[in-house]
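Shown next: my_file24.cif, given as mmCIF, C-alpha atoms and all ligand atoms.
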data_structure
#
loop_
_atom_site.label_atom_id
_atom_site.label_comp_id
_atom_site.auth_asym_id
_atom_site.auth_seq_id
_atom_site.Cartn_x
_atom_site.Cartn_y
_atom_site.Cartn_z
CA MET Q 4 194.15 3.11 100.14
CA SER Q 5 191.41 5.29 98.66
CA SER Q 6 189.69 7.89 100.85
CA ALA Q 7 186.61 5.63 100.90
CA ASP Q 8 188.62 2.77 102.43
CA ALA Q 9 190.58 4.91 104.88
CA PRO Q 10 189.81 4.53 108.61
CA ARG Q 11 187.02 6.91 109.59
CA SER Q 12 186.27 8.79 112.75
CA VAL Q 13 182.60 7.90 112.56
CA THR Q 14 181.89 4.27 111.74
CA VAL Q 15 178.57 2.48 111.41
CA PRO Q 16 178.94 0.77 114.85
CA GLU Q 17 179.87 4.12 116.42
CA PHE Q 18 176.89 5.84 114.86
CA ARG Q 19 174.64 3.09 116.17
CA ALA Q 20 176.22 3.17 119.64
CA ALA Q 21 175.58 6.92 120.03
CA LYS Q 22 172.07 6.18 121.27
CA ALA Q 23 173.27 4.04 124.17
CA ARG Q 24 175.80 6.78 125.02
CA GLY Q 25 173.04 9.41 125.02
CA VAL Q 26 174.83 11.43 122.33
CA LYS Q 27 172.58 13.25 119.83
CA LEU Q 28 173.46 12.76 116.17
CA ALA Q 29 173.72 15.66 113.69
CA VAL Q 30 173.18 14.67 110.06
CA VAL Q 31 172.88 16.84 106.93
CA THR Q 32 172.42 16.09 103.27
CA ALA Q 33 175.08 17.02 100.73
CA TYR Q 34 175.42 16.29 97.04
CA ASP Q 35 178.85 17.63 96.03
CA TYR Q 36 182.48 17.82 97.18
CA THR Q 37 182.47 21.43 98.42
CA SER Q 38 179.37 21.27 100.61
CA ALA Q 39 180.36 17.83 101.90
CA ARG Q 40 183.75 19.16 102.90
CA LEU Q 41 182.27 22.18 104.67
CA CYS Q 42 179.74 20.02 106.55
CA ASP Q 43 182.44 17.49 107.44
CA GLU Q 44 184.77 20.19 108.78
CA ALA Q 45 181.85 21.64 110.76
CA GLY Q 46 181.60 18.31 112.57
CA VAL Q 47 178.48 16.49 111.35
CA ASP Q 48 178.27 12.82 112.31
CA ALA Q 49 176.95 11.67 108.96
CA ILE Q 50 176.32 13.06 105.50
CA LEU Q 51 173.31 11.74 103.66
CA VAL Q 52 173.50 11.83 99.88
CA GLY Q 53 169.74 12.06 99.67
CA ASP Q 54 167.65 11.53 96.58
CA SER Q 55 166.19 14.91 97.58
CA LEU Q 56 168.85 16.02 95.09
CA GLY Q 57 166.15 15.33 92.50
CA MET Q 58 164.40 18.45 93.79
CA VAL Q 59 167.11 20.76 95.12
CA VAL Q 60 169.83 20.00 92.54
CA GLN Q 61 167.92 18.79 89.49
CA GLY Q 62 164.74 20.86 89.83
CA HIS Q 63 162.20 18.02 89.63
CA PRO Q 64 158.98 18.26 91.71
CA THR Q 65 159.76 14.92 93.44
CA SER Q 66 162.69 12.55 93.92
CA LEU Q 67 161.15 9.92 91.63
CA PRO Q 68 163.20 10.61 88.46
CA VAL Q 69 166.59 10.21 90.19
CA THR Q 70 168.63 7.30 88.80
CA LEU Q 71 171.15 5.02 90.45
CA ASP Q 72 173.92 6.30 88.17
CA GLU Q 73 173.16 9.86 89.30
CA MET Q 74 173.30 8.76 92.95
CA ILE Q 75 176.64 7.07 92.29
CA TYR Q 76 178.00 10.24 90.67
CA HIS Q 77 176.92 12.51 93.56
CA THR Q 78 178.03 10.02 96.22
CA ARG Q 79 181.52 9.88 94.70
CA CYS Q 80 181.75 13.68 94.92
CA VAL Q 81 180.60 13.65 98.56
CA VAL Q 82 182.96 10.82 99.56
CA ARG Q 83 185.91 12.88 98.33
CA GLY Q 84 184.85 15.76 100.62
CA ALA Q 85 184.01 13.72 103.73
CA ARG Q 86 187.08 12.92 105.81
CA ARG Q 87 185.38 12.19 109.14
CA ALA Q 88 181.63 11.81 108.64
CA LEU Q 89 179.86 8.60 107.77
CA VAL Q 90 178.51 8.78 104.21
CA VAL Q 91 175.08 7.26 103.65
CA ALA Q 92 173.66 7.13 100.11
CA ASP Q 93 169.99 6.86 99.19
CA LEU Q 94 168.79 4.03 96.98
CA PRO Q 95 166.53 5.88 94.52
CA PHE Q 96 163.01 4.89 93.48
CA LEU Q 97 162.65 1.49 91.82
CA THR Q 98 166.23 0.41 92.45
CA TYR Q 99 165.30 -1.81 95.43
CA GLN Q 100 161.51 -2.26 95.51
CA VAL Q 101 161.42 -5.00 92.85
CA SER Q 102 163.18 -7.69 94.89
CA PRO Q 103 165.80 -8.16 97.65
CA ARG Q 104 168.23 -9.38 94.95
CA GLN Q 105 167.80 -6.12 93.03
CA ALA Q 106 168.35 -4.19 96.28
CA VAL Q 107 171.59 -6.02 97.12
CA ARG Q 108 172.97 -5.52 93.62
CA ASN Q 109 172.20 -1.80 93.56
CA ALA Q 110 173.12 -1.09 97.18
CA GLY Q 111 176.40 -2.88 96.47
CA ARG Q 112 177.11 -0.46 93.62
CA LEU Q 113 176.76 2.50 96.00
CA LEU Q 114 179.43 0.98 98.26
CA LYS Q 115 181.65 -0.51 95.59
CA GLU Q 116 181.58 2.12 92.84
CA ALA Q 117 180.75 5.27 94.83
CA GLY Q 118 182.47 4.62 98.17
CA ALA Q 119 179.38 5.06 100.38
CA HIS Q 120 179.64 3.49 103.83
CA ALA Q 121 175.95 2.62 104.07
CA VAL Q 122 172.72 2.95 102.12
CA LYS Q 123 169.30 4.27 103.06
CA LEU Q 124 166.06 2.85 101.75
CA GLU Q 125 162.43 3.78 102.37
CA GLY Q 126 159.76 1.57 103.90
CA GLY Q 127 159.17 -0.47 107.06
CA VAL Q 128 157.32 -3.76 107.36
CA ARG Q 129 157.16 -4.25 103.58
CA MET Q 130 160.95 -3.79 103.30
CA ARG Q 131 161.93 -6.21 106.08
CA ALA Q 132 163.28 -8.92 103.73
CA THR Q 133 165.06 -6.33 101.60
CA VAL Q 134 166.85 -4.74 104.54
CA LYS Q 135 167.86 -8.18 105.81
CA ALA Q 136 169.19 -9.23 102.39
CA CYS Q 137 171.44 -6.15 102.28
CA ILE Q 138 172.67 -6.72 105.84
CA ASP Q 139 173.39 -10.38 105.02
CA ALA Q 140 175.49 -9.15 102.09
CA GLY Q 141 177.51 -6.90 104.44
CA ILE Q 142 175.84 -3.66 103.40
CA PRO Q 143 174.84 -1.43 106.35
CA VAL Q 144 171.31 -0.06 105.99
CA MET Q 145 169.63 3.03 107.42
CA GLY Q 146 165.85 2.66 107.33
CA HIS Q 147 163.38 5.44 106.54
CA VAL Q 148 159.81 5.42 107.89
CA GLY Q 149 157.00 7.94 108.26
CA LEU Q 150 156.67 10.15 105.22
CA THR Q 151 158.52 8.23 102.54
CA PRO Q 152 158.92 10.71 99.66
CA GLN Q 153 159.27 8.00 97.00
CA ALA Q 154 155.64 7.06 97.83
CA PHE Q 155 154.58 10.66 97.02
CA HIS Q 156 151.70 9.63 94.73
CA GLN Q 157 150.53 6.80 96.97
CA LEU Q 158 150.47 9.11 100.02
CA GLY Q 159 148.81 11.95 98.07
CA GLY Q 160 151.69 14.39 98.60
CA PHE Q 161 154.23 15.34 101.26
CA LYS Q 162 151.85 14.80 104.20
CA VAL Q 163 152.40 14.32 107.93
CA GLN Q 164 151.95 10.62 108.79
CA ARG Q 165 149.78 9.92 111.86
CA ASP Q 166 149.07 6.17 112.05
CA ALA Q 167 151.02 5.48 115.26
CA VAL Q 168 150.50 1.71 115.23
CA ALA Q 169 151.68 1.30 111.63
CA LEU Q 170 154.63 3.69 112.12
CA LEU Q 171 155.82 1.85 115.23
CA ALA Q 172 155.54 -1.49 113.41
CA ASP Q 173 157.57 -0.06 110.51
CA ALA Q 174 160.39 1.16 112.76
CA VAL Q 175 160.51 -2.09 114.73
CA ALA Q 176 160.55 -4.08 111.45
CA VAL Q 177 163.61 -2.29 110.09
CA GLU Q 178 165.38 -2.64 113.44
CA GLU Q 179 164.63 -6.37 113.55
CA ALA Q 180 165.85 -6.72 109.97
CA GLY Q 181 169.23 -5.32 111.07
CA ALA Q 182 169.21 -1.61 110.17
CA PHE Q 183 171.76 0.42 112.18
CA ALA Q 184 169.56 3.56 112.33
CA VAL Q 185 166.23 4.78 111.04
CA VAL Q 186 165.13 8.12 109.62
CA VAL Q 187 161.70 9.15 110.90
CA GLU Q 188 160.13 11.78 108.64
CA SER Q 189 157.11 14.05 109.18
CA VAL Q 190 155.32 12.49 112.12
CA PRO Q 191 153.81 14.23 115.19
CA VAL Q 192 156.28 14.75 118.04
CA ASP Q 193 154.61 12.17 120.32
CA ILE Q 194 154.93 9.47 117.66
CA GLY Q 195 158.58 10.39 117.02
CA THR Q 196 159.22 10.09 120.75
CA ARG Q 197 157.35 6.76 121.03
CA ILE Q 198 159.28 5.26 118.10
CA THR Q 199 162.55 6.41 119.67
CA ALA Q 200 161.63 4.68 122.94
CA ALA Q 201 160.54 1.52 121.12
CA VAL Q 202 163.77 0.82 119.19
CA LYS Q 203 167.39 0.41 120.29
CA ILE Q 204 168.82 1.86 117.09
CA PRO Q 205 169.10 5.66 116.75
CA THR Q 206 166.15 7.51 115.23
CA VAL Q 207 167.16 10.38 112.99
CA GLY Q 208 164.25 12.77 112.81
CA ILE Q 209 163.20 15.19 110.11
CA GLY Q 210 159.95 16.82 111.14
CA ALA Q 211 159.61 14.23 113.92
CA GLY Q 212 160.32 16.43 116.95
CA ALA Q 213 163.03 16.76 119.56
CA GLY Q 214 162.44 13.29 121.04
CA CYS Q 215 164.49 11.61 118.29
CA ASP Q 216 168.09 10.52 118.84
CA GLY Q 217 169.34 12.78 116.08
CA GLN Q 218 168.20 15.16 113.38
CA VAL Q 219 168.73 15.47 109.64
CA LEU Q 220 168.13 18.52 107.46
CA VAL Q 221 168.38 19.06 103.73
CA PHE Q 222 171.40 21.30 103.08
CA HIS Q 223 169.55 23.64 100.71
CA ASP Q 224 166.66 24.08 103.20
CA MET Q 225 168.91 24.89 106.15
CA MET Q 226 171.02 27.33 104.11
CA GLY Q 227 168.05 29.14 102.54
CA LEU Q 228 169.15 28.07 99.06
CA PHE Q 229 165.97 26.44 97.77
CA PRO Q 230 163.36 28.97 96.62
CA ASP Q 231 160.51 26.61 95.61
CA PHE Q 232 159.33 25.28 98.97
CA LYS Q 233 160.18 25.56 102.68
CA PRO Q 234 158.90 22.68 104.83
CA LYS Q 235 157.58 23.71 108.28
CA PHE Q 236 160.20 21.52 109.99
CA ALA Q 237 163.19 23.03 108.20
CA LYS Q 238 165.01 25.70 110.22
CA ARG Q 239 166.95 28.21 108.12
CA TYR Q 240 170.40 28.56 109.69
CA SER Q 241 171.53 30.96 106.97
CA ASP Q 242 170.18 32.97 104.05
CA LEU Q 243 172.75 32.03 101.45
CA GLY Q 244 170.17 32.37 98.67
CA SER Q 245 169.94 36.15 99.22
CA ALA Q 246 173.71 36.47 99.70
CA VAL Q 247 174.40 34.61 96.43
CA LYS Q 248 171.85 36.72 94.50
CA GLN Q 249 173.31 39.94 95.88
CA ALA Q 250 176.87 38.85 95.03
CA VAL Q 251 175.93 37.97 91.45
CA GLU Q 252 174.03 41.25 91.03
CA THR Q 253 177.15 43.16 92.16
CA TYR Q 254 179.30 41.11 89.76
CA CYS Q 255 176.96 41.88 86.83
CA LYS Q 256 177.04 45.60 87.68
CA GLU Q 257 180.86 45.66 87.98
CA VAL Q 258 181.36 43.80 84.67
CA ARG Q 259 178.99 46.22 82.98
CA ASP Q 260 180.50 49.39 84.46
CA GLY Q 261 184.08 48.14 83.89
CA SER Q 262 185.15 48.10 87.58
CA PHE Q 263 185.83 44.31 87.39
CA PRO Q 264 188.45 43.07 86.68
CA ALA Q 265 190.60 45.56 88.59
CA THR Q 266 194.42 45.75 88.51
CA GLU Q 267 194.78 43.09 91.24
CA HIS Q 268 192.87 40.58 89.11
CA THR Q 269 194.98 41.27 86.01
CA PHE Q 270 198.22 39.63 84.80
CA ARG Q 271 201.03 41.92 83.59
O1 LIG V 1 166.47 12.42 100.36
C1 LIG V 1 166.69 12.96 101.45
O2 LIG V 1 167.34 14.00 101.55
C2 LIG V 1 166.14 12.32 102.64
C3 LIG V 1 166.11 13.13 103.89
C4 LIG V 1 165.06 14.15 103.79
C5 LIG V 1 165.96 12.29 105.10
O3 LIG V 1 165.70 11.23 102.58
#
Using structure tokens, write down the structure that the file contains.
Amino acid sequence: MSSADAPRSVTVPEFRAAKARGVKLAVVTAYDYTSARLCDEAGVDAILVGDSLGMVVQGHPTSLPVTLDEMIYHTRCVVRGARRALVVADLPFLTYQVSPRQAVRNAGRLLKEAGAHAVKLEGGVRMRATVKACIDAGIPVMGHVGLTPQAFHQLGGFKVQRDAVALLADAVAVEEAGAFAVVVESVPVDIGTRITAAVKIPTVGIGAGAGCDGQVLVFHDMMGLFPDFKPKFAKRYSDLGSAVKQAVETYCKEVRDGSFPATEHTFR
């Protein structure tokens, strides 16, 4: 049995049931084995292999260039590090928008070739048939409404979304289509709270306030690793960026002054 097939502590039905049990869900993104393993051991409920890797790993200004093969590669790495957490993989831009058939085929690759337990896709009402097609094929889907970063150009940037009626309709649509949870991104706190009250599936907020059933943060944002941009909603739990820079500066100095490697790092 591969690690992807092994029984997990957090399953899709358990993740979904957390809302009814009143248990808040802690989700983080990860893109590689080491960070996935650390997050898993720290007790997160789910790891999202987000297409935000296009920005924080690949250095693009948006997630749009990320390919399905890249998502499969990163998801495989994460699956090897996640022993307990549910692993959800993003379907990247233009791998599911063309048709429900395209979505099923590509979502299936994330489960079959990469070992993900579920996929996430962006969009509400307009994605109803696509979410349903994946569910009908046995592929668990996490929805994503509010600010949908793959619509960066259509939305005119990473902007807070405020159309309460449309946002509620989007969340209800993905629930009705069968999604087991929904990410709600960059909406005012009252809208995040209203969406959470309106659906029975857990809402996982990012910039959607404390009224959501859970929260998700991008690993590099929460660790202070991403220098280009810090969203208002991202709390820095650590300043690893400064620690890494300082460590590498010390290494450079020690190599140059001959104090590294010392005797204990040397074979005799
Ligand atoms: O790509 C990603 O990391 C995401 C989260 C920000 C929710 O979609």
Padding of 6 Å on every side, edges along x, y and z, all listed atoms of ligand LIG 1 (chain V) included: what centre and edge lengths in Å, to one decimal, does that box have, as AutoDock Vina command-line options?
--center_x 166.2 --center_y 12.7 --center_z 102.7 --size_x 14.3 --size_y 14.9 --size_z 16.7
Exercise answer, 10 Å around ligand LIG 1 (chain V) with all atoms listed in the file, as a PyMOL selection string:
chain Q and resi 30-34+50-59+65-66+92-95+123-125+146-148+150-153+185-189+207-210+218-223
Would you pick out the contacts of Lys248 in chain Q at 12 Å or less, using only C-alpha atoms, so that residues sharing its chain but fewer than 6 positions from it are not included, and give the list as a PDB file with C-alpha atoms, in the frame of the given file?
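Wrote it out as selection-v4.pdb, contents follow:
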ATOM      1  CA  GLY Q 227     168.050  29.140 102.540  1.00  0.00           C
ATOM      2  CA  LEU Q 228     169.150  28.070  99.060  1.00  0.00           C
ATOM      3  CA  PRO Q 230     163.360  28.970  96.620  1.00  0.00           C
ATOM      4  CA  ASP Q 242     170.180  32.970 104.050  1.00  0.00           C
ATOM      5  CA  TYR Q 254     179.300  41.110  89.760  1.00  0.00           C
ATOM      6  CA  CYS Q 255     176.960  41.880  86.830  1.00  0.00           C
TER       7      CYS Q 255
END
Please compute the CA of Met130 in chain Q-CA of Thr14 in chain Q distance, one decimal, in Å.
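So the two atoms, CA of Met130 in chain Q and CA of Thr14 in chain Q, lie 24.0 Å apart.
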Mind listing as a PyMOL selection string all residues within 9 Å of (168.6, -10.4, 99.9), counting all atoms listed in the file?
chain Q and resi 102-107+132-140
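The gap separating CA of Lys27 in chain Q from CA of Arg131 in chain Q is 26.1 Å, in Å to one decimal.
The smallest atom-to-atom distance between Phe18 in chain Q and any of Q:Val82, Q:Ala182, Q:Ala176, Q:Leu89, using only C-alpha atoms, is found for Q:Leu89.
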Expressed in Å, the length from CA of Val13 in chain Q to CA of Ala88 in chain Q is 5.6 Å
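When all atoms listed in the file are used to measure the gap to Ala200 in chain Q, the shortest distance among Q:Val163, Q:Ala169, Q:Val122, Q:Ala23 belongs to Q:Ala23.
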